[in-house]
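Text of entry.pdb, listed as PDB, C-alpha atoms:
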```
ATOM      1  CA  MET A   1      61.230 -57.528  -1.934  1.00  0.00           C
ATOM      2  CA  ALA A   2      59.673 -56.436  -5.190  1.00  0.00           C
ATOM      3  CA  LEU A   3      56.029 -55.739  -5.895  1.00  0.00           C
ATOM      4  CA  ILE A   4      54.444 -57.333  -8.942  1.00  0.00           C
ATOM      5  CA  ASN A   5      51.078 -56.133 -10.270  1.00  0.00           C
ATOM      6  CA  TYR A   6      49.303 -58.998 -12.026  1.00  0.00           C
ATOM      7  CA  THR A   7      46.258 -57.777 -13.958  1.00  0.00           C
ATOM      8  CA  GLY A   8      45.050 -61.195 -15.098  1.00  0.00           C
ATOM      9  CA  LYS A   9      41.774 -62.693 -13.915  1.00  0.00           C
ATOM     10  CA  ASN A  10      43.082 -66.034 -12.693  1.00  0.00           C
ATOM     11  CA  VAL A  11      45.867 -67.308 -10.458  1.00  0.00           C
ATOM     12  CA  LEU A  12      49.194 -67.630 -12.278  1.00  0.00           C
ATOM     13  CA  GLY A  13      51.795 -70.173 -11.216  1.00  0.00           C
ATOM     14  CA  VAL A  14      55.336 -70.022 -12.582  1.00  0.00           C
ATOM     15  CA  CYS A  15      57.503 -73.114 -12.052  1.00  0.00           C
ATOM     16  CA  LEU A  16      61.170 -72.501 -11.330  1.00  0.00           C
ATOM     17  CA  LYS A  17      64.052 -74.848 -12.176  1.00  0.00           C
ATOM     18  CA  GLY A  18      64.247 -76.209  -8.628  1.00  0.00           C
ATOM     19  CA  GLY A  19      60.602 -77.279  -8.696  1.00  0.00           C
ATOM     20  CA  GLU A  20      59.303 -74.340  -6.688  1.00  0.00           C
ATOM     21  CA  ILE A  21      56.119 -72.666  -7.897  1.00  0.00           C
ATOM     22  CA  ILE A  22      55.712 -68.907  -7.565  1.00  0.00           C
ATOM     23  CA  ARG A  23      52.026 -67.980  -7.308  1.00  0.00           C
ATOM     24  CA  PHE A  24      50.619 -64.672  -8.521  1.00  0.00           C
ATOM     25  CA  LEU A  25      47.119 -63.644  -7.502  1.00  0.00           C
ATOM     26  CA  PRO A  26      45.282 -60.933  -9.429  1.00  0.00           C
ATOM     27  CA  GLY A  27      46.427 -57.625  -7.972  1.00  0.00           C
ATOM     28  CA  ILE A  28      49.676 -56.775  -6.233  1.00  0.00           C
ATOM     29  CA  ASN A  29      51.997 -59.555  -5.067  1.00  0.00           C
ATOM     30  CA  GLU A  30      55.283 -59.447  -3.150  1.00  0.00           C
ATOM     31  CA  VAL A  31      58.197 -61.525  -4.458  1.00  0.00           C
ATOM     32  CA  ASP A  32      61.755 -62.019  -3.166  1.00  0.00           C
ATOM     33  CA  ASP A  33      64.345 -60.318  -5.348  1.00  0.00           C
ATOM     34  CA  GLU A  34      66.202 -63.603  -5.914  1.00  0.00           C
ATOM     35  CA  LYS A  35      63.043 -65.426  -6.981  1.00  0.00           C
ATOM     36  CA  LEU A  36      62.087 -62.504  -9.203  1.00  0.00           C
ATOM     37  CA  GLN A  37      65.354 -62.828 -11.113  1.00  0.00           C
ATOM     38  CA  ASN A  38      64.623 -66.529 -11.709  1.00  0.00           C
ATOM     39  CA  VAL A  39      61.026 -65.815 -12.750  1.00  0.00           C
ATOM     40  CA  LYS A  40      62.128 -63.108 -15.194  1.00  0.00           C
ATOM     41  CA  ALA A  41      64.035 -65.753 -17.162  1.00  0.00           C
ATOM     42  CA  HIS A  42      60.880 -67.841 -17.686  1.00  0.00           C
ATOM     43  CA  PRO A  43      59.494 -67.411 -21.242  1.00  0.00           C
ATOM     44  CA  LEU A  44      55.826 -67.477 -20.207  1.00  0.00           C
ATOM     45  CA  PHE A  45      56.469 -64.795 -17.593  1.00  0.00           C
ATOM     46  CA  GLN A  46      58.296 -62.683 -20.189  1.00  0.00           C
ATOM     47  CA  ALA A  47      55.354 -63.034 -22.575  1.00  0.00           C
ATOM     48  CA  ARG A  48      52.933 -61.768 -19.915  1.00  0.00           C
ATOM     49  CA  VAL A  49      55.243 -58.829 -19.146  1.00  0.00           C
ATOM     50  CA  SER A  50      55.393 -57.890 -22.822  1.00  0.00           C
ATOM     51  CA  LYS A  51      51.574 -58.107 -23.123  1.00  0.00           C
ATOM     52  CA  GLY A  52      51.179 -55.859 -20.089  1.00  0.00           C
ATOM     53  CA  LEU A  53      49.499 -58.468 -17.879  1.00  0.00           C
ATOM     54  CA  ILE A  54      52.363 -58.222 -15.395  1.00  0.00           C
ATOM     55  CA  GLN A  55      54.032 -55.008 -14.269  1.00  0.00           C
ATOM     56  CA  ILE A  56      57.140 -55.061 -12.137  1.00  0.00           C
ATOM     57  CA  MET A  57      56.695 -52.082  -9.855  1.00  0.00           C
ATOM     58  CA  ALA A  58      59.700 -49.941  -8.999  1.00  0.00           C
ATOM     59  CA  GLU A  59      61.107 -50.076  -5.522  1.00  0.00           C
ATOM     60  CA  ASN A  60      60.402 -46.692  -3.943  1.00  0.00           C
ATOM     61  CA  LEU A  61      61.844 -47.231  -0.495  1.00  0.00           C
ATOM     62  CA  GLY A  62      62.334 -44.441   1.997  1.00  0.00           C
ATOM     63  CA  LYS A  63      65.138 -43.930   4.502  1.00  0.00           C
ATOM     64  CA  ASP A  64      63.554 -46.393   6.899  1.00  0.00           C
ATOM     65  CA  GLY A  65      63.467 -49.137   4.228  1.00  0.00           C
ATOM     66  CA  LYS A  66      59.691 -48.872   3.726  1.00  0.00           C
ATOM     67  CA  ARG A  67      57.604 -47.536   0.886  1.00  0.00           C
ATOM     68  CA  SER A  68      56.033 -44.119   1.386  1.00  0.00           C
ATOM     69  CA  ILE A  69      52.644 -43.906   3.076  1.00  0.00           C
ATOM     70  CA  GLU A  70      51.062 -42.435  -0.071  1.00  0.00           C
ATOM     71  CA  ASP A  71      52.331 -45.329  -2.212  1.00  0.00           C
ATOM     72  CA  MET A  72      51.084 -47.878   0.289  1.00  0.00           C
ATOM     73  CA  ILE A  73      47.640 -46.238   0.572  1.00  0.00           C
ATOM     74  CA  GLU A  74      47.407 -46.200  -3.226  1.00  0.00           C
ATOM     75  CA  HIS A  75      48.449 -49.844  -3.686  1.00  0.00           C
ATOM     76  CA  ILE A  76      46.702 -51.581  -0.760  1.00  0.00           C
ATOM     77  CA  PRO A  77      43.225 -51.639  -2.404  1.00  0.00           C
ATOM     78  CA  LYS A  78      44.763 -53.694  -5.243  1.00  0.00           C
ATOM     79  CA  ILE A  79      46.136 -56.369  -2.868  1.00  0.00           C
ATOM     80  CA  VAL A  80      44.028 -59.520  -2.501  1.00  0.00           C
ATOM     81  CA  ASP A  81      46.738 -61.714  -0.970  1.00  0.00           C
ATOM     82  CA  VAL A  82      45.662 -62.253   2.649  1.00  0.00           C
ATOM     83  CA  LYS A  83      49.187 -63.256   3.761  1.00  0.00           C
ATOM     84  CA  LEU A  84      50.658 -60.025   2.380  1.00  0.00           C
ATOM     85  CA  LEU A  85      47.962 -57.921   4.050  1.00  0.00           C
ATOM     86  CA  LYS A  86      48.567 -59.631   7.398  1.00  0.00           C
ATOM     87  CA  LYS A  87      52.309 -59.065   6.981  1.00  0.00           C
ATOM     88  CA  ILE A  88      51.696 -55.354   6.365  1.00  0.00           C
ATOM     89  CA  ILE A  89      49.466 -55.143   9.437  1.00  0.00           C
ATOM     90  CA  ASP A  90      52.016 -56.929  11.640  1.00  0.00           C
ATOM     91  CA  THR A  91      55.230 -55.291  10.447  1.00  0.00           C
ATOM     92  CA  ASP A  92      54.527 -51.810   9.059  1.00  0.00           C
ATOM     93  CA  GLY A  93      53.727 -49.881  12.224  1.00  0.00           C
ATOM     94  CA  ARG A  94      52.353 -46.752  10.501  1.00  0.00           C
ATOM     95  CA  ASP A  95      48.758 -46.132  11.567  1.00  0.00           C
ATOM     96  CA  ARG A  96      47.342 -45.047   8.196  1.00  0.00           C
ATOM     97  CA  VAL A  97      48.933 -47.983   6.365  1.00  0.00           C
ATOM     98  CA  VAL A  98      47.825 -50.517   8.980  1.00  0.00           C
ATOM     99  CA  LYS A  99      44.277 -49.117   8.939  1.00  0.00           C
ATOM    100  CA  ALA A 100      44.109 -49.314   5.120  1.00  0.00           C
ATOM    101  CA  ALA A 101      45.401 -52.907   5.202  1.00  0.00           C
ATOM    102  CA  GLN A 102      42.855 -53.852   7.873  1.00  0.00           C
ATOM    103  CA  GLU A 103      40.045 -52.334   5.815  1.00  0.00           C
ATOM    104  CA  GLN A 104      41.152 -54.258   2.718  1.00  0.00           C
ATOM    105  CA  LEU A 105      41.405 -57.464   4.737  1.00  0.00           C
ATOM    106  CA  GLY A 106      37.888 -56.840   6.066  1.00  0.00           C
ATOM    107  CA  LYS A 107      36.581 -56.381   2.517  1.00  0.00           C
ATOM    108  CA  ILE A 108      38.144 -59.685   1.504  1.00  0.00           C
ATOM    109  CA  LYS A 109      36.813 -61.598   4.506  1.00  0.00           C
ATOM    110  CA  ASN A 110      33.307 -60.048   4.367  1.00  0.00           C
ATOM    111  CA  PRO A 111      32.571 -59.093   0.757  1.00  0.00           C
ATOM    112  CA  SER A 112      28.805 -58.819   1.289  1.00  0.00           C
ATOM    113  CA  LYS A 113      29.287 -56.356   4.154  1.00  0.00           C
ATOM    114  CA  ALA A 114      31.719 -54.258   2.083  1.00  0.00           C
ATOM    115  CA  LYS A 115      29.279 -54.220  -0.834  1.00  0.00           C
ATOM    116  CA  ALA A 116      26.434 -53.172   1.462  1.00  0.00           C
ATOM    117  CA  GLU A 117      28.503 -50.296   2.877  1.00  0.00           C
ATOM    118  CA  GLU A 118      29.335 -49.084  -0.640  1.00  0.00           C
ATOM    119  CA  SER A 119      25.673 -49.154  -1.674  1.00  0.00           C
ATOM    120  CA  ASP A 120      24.616 -47.288   1.501  1.00  0.00           C
ATOM    121  CA  GLU A 121      26.921 -44.376   0.626  1.00  0.00           C
ATOM    122  CA  HIS A 122      24.765 -43.633  -2.410  1.00  0.00           C
ATOM    123  CA  PHE A 123      21.692 -42.876  -0.322  1.00  0.00           C
ATOM    124  CA  GLN A 124      23.355 -40.620   2.250  1.00  0.00           C
TER     125      GLN A 124
END
```
Structure translated into structure tokens:
Amino acid sequence: MALINYTGKNVLGVCLKGGEIIRFLPGINEVDDEKLQNVKAHPLFQARVSKGLIQIMAENLGKDGKRSIEDMIEHIPKIVDVKLLKKIIDTDGRDRVVKAAQEQLGKIKNPSKAKAEESDEHFQ
């Protein structure tokens, strides 16, 4: 699985030859390696890569087949895909990573509460 950082402000859908649509939300998205190879051939995807709207992030996998904790902690705040966050919570197993994913999921589900907590920090 590859991570794709999409810096656009809207949802991007790329249609593949078989009729399948790959959806990219703003932020970090996870894409199968096979689908990524098909998407890379699409001219509109290539144009967004060349403009810098899409960055294909390098695979930095450790011995256990997972990304390092530091990389995960750094990238999780950029993830807005609820399915990907739930997958991280269910499958990762590392406490710090799971906690960061749960916090991000909480911010997505309750944005007013997250905004209130951020504003309260100023007055402490």
Residues near Glu20 (chain A), cut-off 12 Å, only C-alpha atoms, skip fewer than 5 positions along chain, as an MDAnalysis selection string:
chainID A and resid 13:15 35 38:39
For Leu12 (chain A), the nearest of the candidates A:Pro77, A:Gly52, A:Gly106, A:Gly27, counting all atoms listed in the file:
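Looking only at the distances to Leu12 (chain A), the closest residue turns out to be A:Gly27.
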Go through the shown structure with the PyMOL selection byres ((chain A and resi 101) around 12) and write out the matching residues as a ChimeraX atom specification.
/A:69,72-100,102-108
Would you work out the distance separating CA of Ile54 (chain A) from CA of Ser112 (chain A), expressed in Å to one decimal?
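Taking CA of Ile54 (chain A) as the start and CA of Ser112 (chain A) as the end point, the length is 28.9 Å.
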Do you have the CA of Ile56 (chain A)-CA of Ile4 (chain A) distance handy?
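Atom-to-atom, CA of Ile56 (chain A) to CA of Ile4 (chain A), that is 4.8 Å.
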Taking 4 positions as the minimum chain separation for residues in the same chain, which residues sit within 12 Å of Val49 (chain A) when counting only C-alpha atoms? Answer as an MDAnalysis selection string.
chainID A and resid 4:8 39:45 53:57
What's the separation between CA of Ile28 (chain A) and CA of Asp71 (chain A), in Å to one decimal place?
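Taking CA of Ile28 (chain A) and CA of Asp71 (chain A), their separation equals 12.4 Å.
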For each of A:Ala2, A:Lys17, A:Phe24, A:Lys51, take the minimum atom-to-atom distance to Leu36 (chain A), counting only C-alpha atoms, then give the residue where this is smallest.
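Looking only at the distances to Leu36 (chain A), the closest residue turns out to be A:Ala2.
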